[in-house]
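This is coords-v5.csv. It holds CSV, N, CA and C atoms.
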```
chain,number,residue,atom,x,y,z
A,5,MET,N,-31.8,-23.7,-222.5
A,5,MET,CA,-32.7,-23.2,-221.6
A,5,MET,C,-32.0,-23.1,-220.2
A,6,PRO,N,-32.0,-21.9,-219.5
A,6,PRO,CA,-31.4,-21.8,-218.2
A,6,PRO,C,-32.2,-22.7,-217.2
A,7,LYS,N,-31.4,-23.2,-216.2
A,7,LYS,CA,-32.1,-24.1,-215.2
A,7,LYS,C,-32.8,-23.2,-214.2
A,8,ASN,N,-33.8,-23.7,-213.6
A,8,ASN,CA,-34.6,-23.0,-212.6
A,8,ASN,C,-33.7,-22.8,-211.3
A,9,PRO,N,-33.5,-21.6,-210.8
A,9,PRO,CA,-32.7,-21.3,-209.7
A,9,PRO,C,-33.3,-21.9,-208.4
A,10,ARG,N,-34.6,-22.2,-208.4
A,10,ARG,CA,-35.2,-22.7,-207.2
A,10,ARG,C,-34.7,-24.2,-206.9
A,11,TYR,N,-34.3,-24.8,-208.0
A,11,TYR,CA,-33.9,-26.2,-207.8
A,11,TYR,C,-32.4,-26.5,-208.0
A,12,ALA,N,-31.7,-25.4,-208.0
A,12,ALA,CA,-30.2,-25.5,-208.1
A,12,ALA,C,-29.7,-26.4,-207.0
A,13,ASN,N,-30.3,-26.3,-205.8
A,13,ASN,CA,-29.9,-27.1,-204.7
A,13,ASN,C,-31.2,-27.8,-204.3
A,14,GLY,N,-31.6,-28.9,-204.9
A,14,GLY,CA,-32.8,-29.6,-204.7
A,14,GLY,C,-33.0,-30.1,-203.3
A,15,ASN,N,-31.9,-30.5,-202.7
A,15,ASN,CA,-31.9,-31.1,-201.3
A,15,ASN,C,-32.4,-30.0,-200.4
A,16,LEU,N,-31.8,-28.8,-200.5
A,16,LEU,CA,-32.2,-27.7,-199.6
A,16,LEU,C,-33.6,-27.3,-199.8
A,17,ARG,N,-34.1,-27.3,-201.1
A,17,ARG,CA,-35.5,-27.0,-201.4
A,17,ARG,C,-36.4,-28.0,-200.7
A,18,ARG,N,-36.1,-29.3,-200.8
A,18,ARG,CA,-36.9,-30.3,-200.1
A,18,ARG,C,-36.9,-30.1,-198.6
A,19,LYS,N,-35.8,-29.7,-198.0
A,19,LYS,CA,-35.8,-29.4,-196.6
A,19,LYS,C,-36.7,-28.3,-196.2
A,20,HIS,N,-36.7,-27.2,-197.1
A,20,HIS,CA,-37.5,-26.1,-196.8
A,20,HIS,C,-39.0,-26.5,-196.9
A,21,ARG,N,-39.3,-27.3,-197.9
A,21,ARG,CA,-40.7,-27.7,-198.1
A,21,ARG,C,-41.2,-28.6,-196.8
A,22,ALA,N,-40.3,-29.4,-196.4
A,22,ALA,CA,-40.6,-30.3,-195.2
A,22,ALA,C,-40.8,-29.4,-194.0
A,23,ARG,N,-40.0,-28.4,-193.8
A,23,ARG,CA,-40.0,-27.5,-192.7
A,23,ARG,C,-41.4,-26.8,-192.6
A,24,PHE,N,-41.8,-26.2,-193.7
A,24,PHE,CA,-43.1,-25.5,-193.8
A,24,PHE,C,-44.2,-26.5,-193.5
A,25,ARG,N,-44.1,-27.7,-194.1
A,25,ARG,CA,-45.2,-28.7,-193.9
A,25,ARG,C,-45.3,-29.0,-192.4
A,26,ALA,N,-44.1,-29.2,-191.8
A,26,ALA,CA,-44.1,-29.6,-190.3
A,26,ALA,C,-44.7,-28.4,-189.5
A,27,MET,N,-44.4,-27.2,-189.9
A,27,MET,CA,-44.9,-26.1,-189.1
A,27,MET,C,-46.4,-25.8,-189.4
A,28,ASP,N,-47.0,-26.5,-190.4
A,28,ASP,CA,-48.4,-26.3,-190.8
A,28,ASP,C,-48.6,-24.8,-190.9
A,29,ALA,N,-47.7,-24.1,-191.6
A,29,ALA,CA,-47.7,-22.7,-191.8
A,29,ALA,C,-48.9,-22.2,-192.6
A,30,PRO,N,-49.5,-21.1,-192.2
A,30,PRO,CA,-50.6,-20.6,-193.0
A,30,PRO,C,-50.1,-19.9,-194.3
A,31,CYS,N,-50.9,-19.5,-195.2
A,31,CYS,CA,-50.5,-18.8,-196.4
A,31,CYS,C,-49.9,-17.5,-196.0
A,32,GLY,N,-48.7,-17.2,-196.5
A,32,GLY,CA,-48.1,-15.9,-196.2
A,32,GLY,C,-48.6,-14.8,-197.0
A,33,ILE,N,-49.4,-15.1,-198.1
A,33,ILE,CA,-49.9,-14.1,-199.0
A,33,ILE,C,-51.2,-13.6,-198.5
A,34,CYS,N,-52.2,-14.5,-198.4
A,34,CYS,CA,-53.6,-14.1,-198.0
A,34,CYS,C,-53.7,-14.2,-196.5
A,35,LYS,N,-52.7,-14.6,-195.8
A,35,LYS,CA,-52.7,-14.7,-194.3
A,35,LYS,C,-53.9,-15.6,-193.8
A,36,GLY,N,-54.2,-16.6,-194.6
A,36,GLY,CA,-55.2,-17.6,-194.2
A,36,GLY,C,-56.6,-17.2,-194.5
A,37,ARG,N,-56.8,-16.1,-195.2
A,37,ARG,CA,-58.2,-15.7,-195.5
A,37,ARG,C,-58.9,-16.7,-196.4
A,38,LEU,N,-58.2,-17.4,-197.2
A,38,LEU,CA,-58.8,-18.4,-198.1
A,38,LEU,C,-58.9,-19.8,-197.4
A,39,GLY,N,-58.5,-19.9,-196.2
A,39,GLY,CA,-58.5,-21.1,-195.5
A,39,GLY,C,-57.2,-21.7,-195.4
A,40,PRO,N,-57.1,-22.9,-194.7
A,40,PRO,CA,-55.8,-23.5,-194.6
A,40,PRO,C,-55.2,-24.0,-195.9
A,41,ILE,N,-53.9,-24.2,-195.9
A,41,ILE,CA,-53.2,-24.7,-197.0
A,41,ILE,C,-53.4,-26.2,-197.0
A,42,HIS,N,-53.7,-26.8,-198.2
A,42,HIS,CA,-53.9,-28.3,-198.3
A,42,HIS,C,-52.6,-28.9,-198.6
A,43,TYR,N,-51.8,-29.2,-197.6
A,43,TYR,CA,-50.5,-29.7,-197.8
A,43,TYR,C,-50.4,-31.1,-198.5
A,44,ASP,N,-51.4,-31.9,-198.5
A,44,ASP,CA,-51.4,-33.2,-199.0
A,44,ASP,C,-51.8,-33.3,-200.5
A,45,GLU,N,-52.3,-32.2,-201.1
A,45,GLU,CA,-52.7,-32.2,-202.5
A,45,GLU,C,-51.5,-31.9,-203.4
A,46,PRO,N,-51.6,-32.3,-204.6
A,46,PRO,CA,-50.5,-31.9,-205.6
A,46,PRO,C,-50.6,-30.4,-205.8
A,47,SER,N,-49.4,-29.8,-206.1
A,47,SER,CA,-49.4,-28.4,-206.3
A,47,SER,C,-49.6,-28.1,-207.8
A,48,ASN,N,-50.9,-27.8,-208.1
A,48,ASN,CA,-51.2,-27.5,-209.5
A,48,ASN,C,-52.5,-26.8,-209.5
A,49,ALA,N,-52.9,-26.3,-210.7
A,49,ALA,CA,-54.1,-25.5,-210.9
A,49,ALA,C,-55.4,-26.2,-210.5
A,50,GLN,N,-55.4,-27.6,-210.6
A,50,GLN,CA,-56.6,-28.3,-210.2
A,50,GLN,C,-56.8,-28.3,-208.7
A,51,HIS,N,-55.8,-27.9,-207.9
A,51,HIS,CA,-55.8,-27.9,-206.5
A,51,HIS,C,-55.4,-26.5,-206.0
A,52,PRO,N,-56.3,-25.5,-206.1
A,52,PRO,CA,-55.9,-24.1,-205.9
A,52,PRO,C,-55.4,-23.8,-204.5
A,53,LEU,N,-55.8,-24.6,-203.5
A,53,LEU,CA,-55.4,-24.3,-202.1
A,53,LEU,C,-54.2,-25.2,-201.7
A,54,SER,N,-53.6,-25.8,-202.7
A,54,SER,CA,-52.4,-26.7,-202.4
A,54,SER,C,-51.2,-25.8,-202.0
A,55,PHE,N,-50.2,-26.5,-201.5
A,55,PHE,CA,-49.0,-25.9,-201.0
A,55,PHE,C,-47.9,-25.6,-202.0
A,56,VAL,N,-47.4,-24.4,-202.0
A,56,VAL,CA,-46.2,-24.0,-202.8
A,56,VAL,C,-45.3,-23.1,-201.9
A,57,ILE,N,-44.1,-23.0,-202.2
A,57,ILE,CA,-43.2,-22.1,-201.5
A,57,ILE,C,-43.2,-20.8,-202.3
A,58,ASP,N,-43.4,-19.7,-201.7
A,58,ASP,CA,-43.4,-18.4,-202.3
A,58,ASP,C,-42.1,-17.6,-201.9
A,59,GLU,N,-41.5,-17.0,-202.8
A,59,GLU,CA,-40.3,-16.1,-202.5
A,59,GLU,C,-40.9,-14.7,-202.3
A,60,ILE,N,-40.8,-14.2,-201.1
A,60,ILE,CA,-41.3,-12.9,-200.7
A,60,ILE,C,-40.8,-11.8,-201.7
A,61,LYS,N,-39.5,-11.8,-201.8
A,61,LYS,CA,-38.8,-10.9,-202.8
A,61,LYS,C,-38.6,-11.8,-204.0
A,62,PRO,N,-39.3,-11.6,-205.1
A,62,PRO,CA,-39.2,-12.5,-206.3
A,62,PRO,C,-37.8,-12.7,-206.8
A,63,VAL,N,-37.6,-14.0,-207.1
A,63,VAL,CA,-36.3,-14.4,-207.7
A,63,VAL,C,-36.0,-13.7,-209.0
A,64,SER,N,-37.0,-13.4,-209.8
A,64,SER,CA,-36.9,-12.7,-211.0
A,64,SER,C,-36.3,-11.3,-210.9
A,65,ARG,N,-36.5,-10.7,-209.6
A,65,ARG,CA,-36.0,-9.4,-209.4
A,65,ARG,C,-34.9,-9.4,-208.3
A,66,TRP,N,-34.0,-10.4,-208.3
A,66,TRP,CA,-33.0,-10.6,-207.3
A,66,TRP,C,-32.0,-9.5,-207.2
A,67,ARG,N,-31.7,-8.8,-208.3
A,67,ARG,CA,-30.8,-7.7,-208.2
A,67,ARG,C,-31.3,-6.5,-207.4
A,68,GLU,N,-32.6,-6.2,-207.6
A,68,GLU,CA,-33.3,-5.1,-206.8
A,68,GLU,C,-33.1,-5.3,-205.3
A,69,PHE,N,-33.1,-6.5,-204.9
A,69,PHE,CA,-33.1,-6.8,-203.4
A,69,PHE,C,-31.7,-7.1,-202.9
A,70,GLY,N,-30.7,-7.0,-203.7
A,70,GLY,CA,-29.3,-7.1,-203.2
A,70,GLY,C,-28.8,-8.5,-203.1
A,71,TYR,N,-29.5,-9.5,-203.7
A,71,TYR,CA,-29.0,-10.9,-203.7
A,71,TYR,C,-27.8,-11.0,-204.7
A,72,ALA,N,-26.9,-11.9,-204.4
A,72,ALA,CA,-25.7,-12.2,-205.2
A,72,ALA,C,-26.1,-12.9,-206.5
A,73,SER,N,-27.2,-13.7,-206.5
A,73,SER,CA,-27.6,-14.4,-207.6
A,73,SER,C,-29.1,-14.8,-207.5
A,74,PRO,N,-29.7,-15.3,-208.5
A,74,PRO,CA,-31.1,-15.8,-208.4
A,74,PRO,C,-31.2,-17.0,-207.4
A,75,GLU,N,-30.1,-17.8,-207.4
A,75,GLU,CA,-30.1,-19.0,-206.5
A,75,GLU,C,-30.1,-18.5,-205.0
A,76,ALA,N,-29.3,-17.5,-204.8
A,76,ALA,CA,-29.3,-16.9,-203.4
A,76,ALA,C,-30.7,-16.5,-202.9
A,77,ALA,N,-31.4,-15.8,-203.8
A,77,ALA,CA,-32.8,-15.4,-203.5
A,77,ALA,C,-33.7,-16.5,-203.3
A,78,ALA,N,-33.6,-17.6,-204.1
A,78,ALA,CA,-34.4,-18.8,-204.0
A,78,ALA,C,-34.1,-19.6,-202.8
A,79,GLN,N,-32.9,-19.5,-202.2
A,79,GLN,CA,-32.5,-20.4,-201.1
A,79,GLN,C,-32.5,-19.7,-199.8
A,80,ASP,N,-32.7,-18.4,-199.7
A,80,ASP,CA,-32.7,-17.7,-198.4
A,80,ASP,C,-33.9,-18.0,-197.6
A,81,TRP,N,-33.8,-18.7,-196.5
A,81,TRP,CA,-34.9,-19.0,-195.7
A,81,TRP,C,-35.8,-17.8,-195.3
A,82,ASP,N,-35.2,-16.7,-195.0
A,82,ASP,CA,-35.9,-15.5,-194.7
A,82,ASP,C,-36.7,-14.9,-195.8
A,83,ASN,N,-36.5,-15.4,-197.0
A,83,ASN,CA,-37.2,-14.9,-198.2
A,83,ASN,C,-38.3,-15.8,-198.6
A,84,LEU,N,-38.5,-16.8,-197.8
A,84,LEU,CA,-39.5,-17.9,-198.2
A,84,LEU,C,-40.7,-17.9,-197.3
A,85,GLN,N,-41.9,-18.2,-197.8
A,85,GLN,CA,-43.1,-18.4,-197.0
A,85,GLN,C,-43.9,-19.5,-197.7
A,86,ALA,N,-44.8,-20.1,-196.9
A,86,ALA,CA,-45.7,-21.1,-197.4
A,86,ALA,C,-46.9,-20.3,-198.1
A,87,ALA,N,-47.4,-20.8,-199.1
A,87,ALA,CA,-48.5,-20.1,-199.8
A,87,ALA,C,-49.5,-21.1,-200.5
A,88,HIS,N,-50.7,-20.6,-200.7
A,88,HIS,CA,-51.6,-21.4,-201.6
A,88,HIS,C,-51.1,-21.3,-203.0
A,89,TYR,N,-51.4,-22.3,-203.8
A,89,TYR,CA,-51.0,-22.2,-205.2
A,89,TYR,C,-51.7,-21.0,-205.9
A,90,CYS,N,-53.0,-20.8,-205.7
A,90,CYS,CA,-53.7,-19.7,-206.3
A,90,CYS,C,-53.2,-18.4,-205.9
A,91,CYS,N,-52.8,-18.2,-204.6
A,91,CYS,CA,-52.3,-16.9,-204.1
A,91,CYS,C,-51.0,-16.6,-204.8
A,92,ASN,N,-50.1,-17.6,-204.9
A,92,ASN,CA,-48.8,-17.5,-205.5
A,92,ASN,C,-48.9,-17.1,-207.0
A,93,GLN,N,-49.9,-17.8,-207.7
A,93,GLN,CA,-50.0,-17.5,-209.1
A,93,GLN,C,-50.5,-16.0,-209.3
A,94,ALA,N,-51.4,-15.6,-208.4
A,94,ALA,CA,-52.0,-14.2,-208.5
A,94,ALA,C,-50.9,-13.2,-208.2
A,95,LYS,N,-50.1,-13.5,-207.2
A,95,LYS,CA,-49.0,-12.6,-206.7
A,95,LYS,C,-48.0,-12.3,-207.8
A,96,SER,N,-47.7,-13.4,-208.6
A,96,SER,CA,-46.7,-13.3,-209.6
A,96,SER,C,-45.4,-12.8,-209.1
A,97,ASN,N,-44.8,-11.8,-209.7
A,97,ASN,CA,-43.5,-11.3,-209.1
A,97,ASN,C,-43.6,-9.9,-208.5
A,98,HIS,N,-44.8,-9.7,-207.8
A,98,HIS,CA,-45.0,-8.4,-207.1
A,98,HIS,C,-44.6,-8.6,-205.7
A,99,VAL,N,-44.6,-7.4,-205.0
A,99,VAL,CA,-44.2,-7.3,-203.6
A,99,VAL,C,-45.1,-6.3,-203.0
A,100,GLY,N,-45.4,-6.4,-201.7
A,100,GLY,CA,-46.0,-5.3,-200.9
A,100,GLY,C,-47.4,-5.7,-200.4
A,101,GLU,N,-47.8,-5.1,-199.4
A,101,GLU,CA,-49.1,-5.3,-198.7
A,101,GLU,C,-50.3,-5.0,-199.6
A,102,GLN,N,-50.2,-3.9,-200.4
A,102,GLN,CA,-51.3,-3.5,-201.2
A,102,GLN,C,-51.6,-4.7,-202.2
A,103,GLN,N,-50.6,-5.2,-202.8
A,103,GLN,CA,-50.8,-6.3,-203.7
A,103,GLN,C,-51.4,-7.5,-203.1
A,104,VAL,N,-51.0,-7.8,-201.8
A,104,VAL,CA,-51.5,-9.0,-201.1
A,104,VAL,C,-53.0,-8.8,-200.8
A,105,LYS,N,-53.4,-7.6,-200.4
A,105,LYS,CA,-54.9,-7.4,-200.1
A,105,LYS,C,-55.7,-7.5,-201.4
A,106,LYS,N,-55.2,-7.0,-202.5
A,106,LYS,CA,-55.8,-7.0,-203.8
A,106,LYS,C,-56.0,-8.5,-204.2
A,107,ILE,N,-55.0,-9.3,-204.1
A,107,ILE,CA,-55.0,-10.7,-204.5
A,107,ILE,C,-56.1,-11.4,-203.7
A,108,ALA,N,-56.0,-11.3,-202.4
A,108,ALA,CA,-57.0,-12.0,-201.5
A,108,ALA,C,-58.4,-11.6,-201.9
A,109,HIS,N,-58.7,-10.4,-202.1
A,109,HIS,CA,-60.0,-9.9,-202.5
A,109,HIS,C,-60.4,-10.5,-203.8
A,110,GLU,N,-59.6,-10.4,-204.9
A,110,GLU,CA,-59.9,-10.9,-206.2
A,110,GLU,C,-60.2,-12.4,-206.2
A,111,VAL,N,-59.3,-13.2,-205.5
A,111,VAL,CA,-59.5,-14.6,-205.6
A,111,VAL,C,-60.7,-15.0,-204.8
A,112,LYS,N,-61.0,-14.4,-203.7
A,112,LYS,CA,-62.1,-14.7,-202.9
A,112,LYS,C,-63.4,-14.4,-203.6
A,113,THR,N,-63.5,-13.2,-204.2
A,113,THR,CA,-64.8,-12.8,-204.8
A,113,THR,C,-65.0,-13.3,-206.2
A,114,SER,N,-63.9,-13.5,-207.0
A,114,SER,CA,-64.2,-14.0,-208.3
A,114,SER,C,-64.3,-15.5,-208.4
A,115,GLY,N,-63.7,-16.2,-207.5
A,115,GLY,CA,-63.7,-17.7,-207.6
A,115,GLY,C,-62.7,-18.2,-208.6
A,116,LYS,N,-62.0,-17.3,-209.3
A,116,LYS,CA,-61.0,-17.7,-210.3
A,116,LYS,C,-59.7,-18.2,-209.7
A,117,TRP,N,-59.4,-19.4,-210.0
A,117,TRP,CA,-58.1,-19.9,-209.6
A,117,TRP,C,-57.2,-20.2,-210.8
```
File written out as structure tokens:
Amino acid sequence: MPKNPRYANGNLRRKHRARFRAMDAPCGICKGRLGPIHYDEPSNAQHPLSFVIDEIKPVSRWREFGYASPEAAAQDWDNLQAAHYCCNQAKSNHVGEQQVKKIAHEVKTSGKW
């Protein structure tokens, strides 16, 4: 099984997480429409508003965006944003403002996390 490119450099990933946490950054996907990110909760489905790092340009599509490798896409600070767990799950590997608006509307109206 191939290893996860997000954790190829675990120390850098921890630094990115700490930096977002210190910034108290809002969700980059819903732009805070679902409320603040709950930074102190575990990141899982039981805590839909918990904190995860989202890759703006998906790691799974790294070639499309000109990255040298999946690791490069996962470690590029300019490609990262703080996000709610539920927003990140709904976004999947999509990009674009239309997708963001659709996700925020679906999550807010359906209550499905």
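Between atom N of Pro40 of chain A and atom CA of Phe55 of chain A the separation is 10.7 Å.
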Note to self: I'd like the neighbourhood of Ala77 of chain A as JSON, numbers by chain, where a residue qualifies if any of its atoms comes within 7 Å (using all atoms listed in the file), though same-chain residues fewer than 4 positions away should be ignored.
What the structure shows: {"A": [59, 61, 62, 63, 66, 71, 72, 73, 83]}
Next item on the list: Using all atoms listed in the file, determine which residues lie at most 8 Å from Ile57 of chain A, disregarding the query and same-chain residues fewer than 2 positions distant; provide the list as a ChimeraX atom specification.
Entry: /A:20-21,54-55,59-60,83-89,92
Next item on the list: Any chance you could list, as JSON, numbers by chain, the residues in chain A that come up strand (DSSP E) when DSSP is run on the backbone?
Entry: {"A": [55, 56, 57, 58, 59, 84, 85, 86, 87, 88]}
Convert the current residue selection to file output with N, CA and C atoms, as a compact mmCIF listing (two decimals), in the frame of the given file.
```
# COMPACT_ATOMS: atom_id res chain seq x y z
N PHE A 55 -50.20 -26.50 -201.50
CA PHE A 55 -49.00 -25.90 -201.00
C PHE A 55 -47.90 -25.60 -202.00
N VAL A 56 -47.40 -24.40 -202.00
CA VAL A 56 -46.20 -24.00 -202.80
C VAL A 56 -45.30 -23.10 -201.90
N ILE A 57 -44.10 -23.00 -202.20
CA ILE A 57 -43.20 -22.10 -201.50
C ILE A 57 -43.20 -20.80 -202.30
N ASP A 58 -43.40 -19.70 -201.70
CA ASP A 58 -43.40 -18.40 -202.30
C ASP A 58 -42.10 -17.60 -201.90
N GLU A 59 -41.50 -17.00 -202.80
CA GLU A 59 -40.30 -16.10 -202.50
C GLU A 59 -40.90 -14.70 -202.30
N LEU A 84 -38.50 -16.80 -197.80
CA LEU A 84 -39.50 -17.90 -198.20
C LEU A 84 -40.70 -17.90 -197.30
N GLN A 85 -41.90 -18.20 -197.80
CA GLN A 85 -43.10 -18.40 -197.00
C GLN A 85 -43.90 -19.50 -197.70
N ALA A 86 -44.80 -20.10 -196.90
CA ALA A 86 -45.70 -21.10 -197.40
C ALA A 86 -46.90 -20.30 -198.10
N ALA A 87 -47.40 -20.80 -199.10
CA ALA A 87 -48.50 -20.10 -199.80
C ALA A 87 -49.50 -21.10 -200.50
N HIS A 88 -50.70 -20.60 -200.70
CA HIS A 88 -51.60 -21.40 -201.60
C HIS A 88 -51.10 -21.30 -203.00
```
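The two atoms in question, atom N of His51 of chain A and atom CA of Asp80 of chain A, are spaced 27.0 Å apart.
Take atom C of Pro52 of chain A and atom CA of Lys35 of chain A: the distance between them is 13.9 Å.
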Next item on the list: Enumerate the residues of chain A with a DSSP assignment of alpha helix (DSSP H), computed from the backbone, and present them as number ranges by chain.
Entry: A: 14-27, 74-79, 89-95, 101-114
Segment 29-92 of chain A near segment 6-15 of chain A within 7 Å: what's each residue's closest atom pair and its distance in Å to one decimal, counting all atoms listed in the file, ordered by chain then ascending residue number, as CSV?
```
residue,atom,partner,partner_atom,distance
A:Pro74,C,A:Pro9,CA,5.1
A:Glu75,CA,A:Pro9,C,4.7
A:Ala76,N,A:Pro9,C,7.0
A:Ala78,CA,A:Arg10,CA,5.1
A:Gln79,N,A:Arg10,CA,6.4
```
Next item on the list: Around the point (-53.5, -22.1, -193.9) in the file's coordinates, collect all residues with an atom within 5 Å, using all atoms listed in the file, and return them as a list of chain:residue names.
Entry: A:Ala29, A:Pro30, A:Cys31, A:Gly36, A:Gly39, A:Pro40, A:Ile41
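Distances from A:Leu53, A:Glu45, A:Ser64, A:Phe69 to Cys90 of chain A were compared using all atoms listed in the file, and the smallest one belongs to A:Leu53.
You can rank A:Val56, A:Asn48, A:Arg37, A:Arg67 by their closest distance to Ala22 of chain A using only C-alpha atoms, and at the top of that list sits A:Val56.
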Enclosing box along x, y and z for every listed atom of segment 78-97 of chain A, padded 8 Å each side, centre and size in Å, one decimal, as lines of an AutoDock Vina configuration file:
```
center_x = -43.1
center_y = -16.1
center_z = -202.2
size_x = 37.2
size_y = 28.4
size_z = 31.0
```
Can segment 7-15 of chain A be brought up to all heavy atoms and written out as a PDB file, keeping the file's coordinate frame?
```pdb
ATOM      1  N   LYS A   7     -31.400 -23.200-216.200  1.00  0.00           N
ATOM      2  CA  LYS A   7     -32.100 -24.100-215.200  1.00  0.00           C
ATOM      3  C   LYS A   7     -32.800 -23.200-214.200  1.00  0.00           C
ATOM      4  O   LYS A   7     -32.363 -22.056-213.939  1.00  0.00           O
ATOM      5  CB  LYS A   7     -31.158 -25.077-214.630  1.00  0.00           C
ATOM      6  CG  LYS A   7     -30.038 -24.525-213.804  1.00  0.00           C
ATOM      7  CD  LYS A   7     -29.183 -25.660-213.311  1.00  0.00           C
ATOM      8  CE  LYS A   7     -28.146 -25.111-212.343  1.00  0.00           C
ATOM      9  NZ  LYS A   7     -27.366 -26.129-211.739  1.00  0.00           N
ATOM     10  N   ASN A   8     -33.800 -23.700-213.600  1.00  0.00           N
ATOM     11  CA  ASN A   8     -34.600 -23.000-212.600  1.00  0.00           C
ATOM     12  C   ASN A   8     -33.700 -22.800-211.300  1.00  0.00           C
ATOM     13  O   ASN A   8     -33.296 -23.806-210.680  1.00  0.00           O
ATOM     14  CB  ASN A   8     -35.813 -23.834-212.248  1.00  0.00           C
ATOM     15  CG  ASN A   8     -36.784 -23.102-211.367  1.00  0.00           C
ATOM     16  OD1 ASN A   8     -36.408 -22.234-210.579  1.00  0.00           O
ATOM     17  ND2 ASN A   8     -38.044 -23.454-211.486  1.00  0.00           N
ATOM     18  N   PRO A   9     -33.500 -21.600-210.800  1.00  0.00           N
ATOM     19  CA  PRO A   9     -32.700 -21.300-209.700  1.00  0.00           C
ATOM     20  C   PRO A   9     -33.300 -21.900-208.400  1.00  0.00           C
ATOM     21  O   PRO A   9     -32.552 -22.186-207.415  1.00  0.00           O
ATOM     22  CB  PRO A   9     -32.566 -19.826-209.575  1.00  0.00           C
ATOM     23  CG  PRO A   9     -33.712 -19.312-210.356  1.00  0.00           C
ATOM     24  CD  PRO A   9     -33.983 -20.347-211.421  1.00  0.00           C
ATOM     25  N   ARG A  10     -34.600 -22.200-208.400  1.00  0.00           N
ATOM     26  CA  ARG A  10     -35.200 -22.700-207.200  1.00  0.00           C
ATOM     27  C   ARG A  10     -34.700 -24.200-206.900  1.00  0.00           C
ATOM     28  O   ARG A  10     -34.771 -24.638-205.796  1.00  0.00           O
ATOM     29  CB  ARG A  10     -36.708 -22.726-207.365  1.00  0.00           C
ATOM     30  CG  ARG A  10     -37.294 -21.342-207.336  1.00  0.00           C
ATOM     31  CD  ARG A  10     -38.735 -21.355-207.815  1.00  0.00           C
ATOM     32  NE  ARG A  10     -39.250 -20.018-207.927  1.00  0.00           N
ATOM     33  CZ  ARG A  10     -39.040 -19.221-208.968  1.00  0.00           C
ATOM     34  NH1 ARG A  10     -38.317 -19.637-209.986  1.00  0.00           N
ATOM     35  NH2 ARG A  10     -39.542 -18.010-208.998  1.00  0.00           N
ATOM     36  N   TYR A  11     -34.300 -24.800-208.000  1.00  0.00           N
ATOM     37  CA  TYR A  11     -33.900 -26.200-207.800  1.00  0.00           C
ATOM     38  C   TYR A  11     -32.400 -26.500-208.000  1.00  0.00           C
ATOM     39  O   TYR A  11     -32.018 -27.595-208.216  1.00  0.00           O
ATOM     40  CB  TYR A  11     -34.777 -27.115-208.742  1.00  0.00           C
ATOM     41  CG  TYR A  11     -36.236 -26.976-208.370  1.00  0.00           C
ATOM     42  CD1 TYR A  11     -37.085 -26.169-209.118  1.00  0.00           C
ATOM     43  CD2 TYR A  11     -36.733 -27.585-207.230  1.00  0.00           C
ATOM     44  CE1 TYR A  11     -38.410 -25.997-208.743  1.00  0.00           C
ATOM     45  CE2 TYR A  11     -38.062 -27.409-206.851  1.00  0.00           C
ATOM     46  CZ  TYR A  11     -38.887 -26.626-207.608  1.00  0.00           C
ATOM     47  OH  TYR A  11     -40.191 -26.446-207.234  1.00  0.00           O
ATOM     48  N   ALA A  12     -31.700 -25.400-208.000  1.00  0.00           N
ATOM     49  CA  ALA A  12     -30.200 -25.500-208.100  1.00  0.00           C
ATOM     50  C   ALA A  12     -29.700 -26.400-207.000  1.00  0.00           C
ATOM     51  O   ALA A  12     -28.725 -27.142-207.141  1.00  0.00           O
ATOM     52  CB  ALA A  12     -29.529 -24.159-208.138  1.00  0.00           C
ATOM     53  N   ASN A  13     -30.300 -26.300-205.800  1.00  0.00           N
ATOM     54  CA  ASN A  13     -29.900 -27.100-204.700  1.00  0.00           C
ATOM     55  C   ASN A  13     -31.200 -27.800-204.300  1.00  0.00           C
ATOM     56  O   ASN A  13     -31.917 -27.339-203.345  1.00  0.00           O
ATOM     57  CB  ASN A  13     -29.362 -26.242-203.529  1.00  0.00           C
ATOM     58  CG  ASN A  13     -28.910 -27.082-202.359  1.00  0.00           C
ATOM     59  OD1 ASN A  13     -29.333 -28.226-202.203  1.00  0.00           O
ATOM     60  ND2 ASN A  13     -28.063 -26.523-201.526  1.00  0.00           N
ATOM     61  N   GLY A  14     -31.600 -28.900-204.900  1.00  0.00           N
ATOM     62  CA  GLY A  14     -32.800 -29.600-204.700  1.00  0.00           C
ATOM     63  C   GLY A  14     -33.000 -30.100-203.300  1.00  0.00           C
ATOM     64  O   GLY A  14     -34.063 -30.101-202.747  1.00  0.00           O
ATOM     65  N   ASN A  15     -31.900 -30.500-202.700  1.00  0.00           N
ATOM     66  CA  ASN A  15     -31.900 -31.100-201.300  1.00  0.00           C
ATOM     67  C   ASN A  15     -32.400 -30.000-200.400  1.00  0.00           C
ATOM     68  O   ASN A  15     -33.209 -30.209-199.494  1.00  0.00           O
ATOM     69  CB  ASN A  15     -30.585 -31.664-200.926  1.00  0.00           C
ATOM     70  CG  ASN A  15     -30.661 -32.424-199.631  1.00  0.00           C
ATOM     71  OD1 ASN A  15     -31.599 -33.178-199.410  1.00  0.00           O
ATOM     72  ND2 ASN A  15     -29.676 -32.217-198.771  1.00  0.00           N
TER      73      ASN A  15
END
```
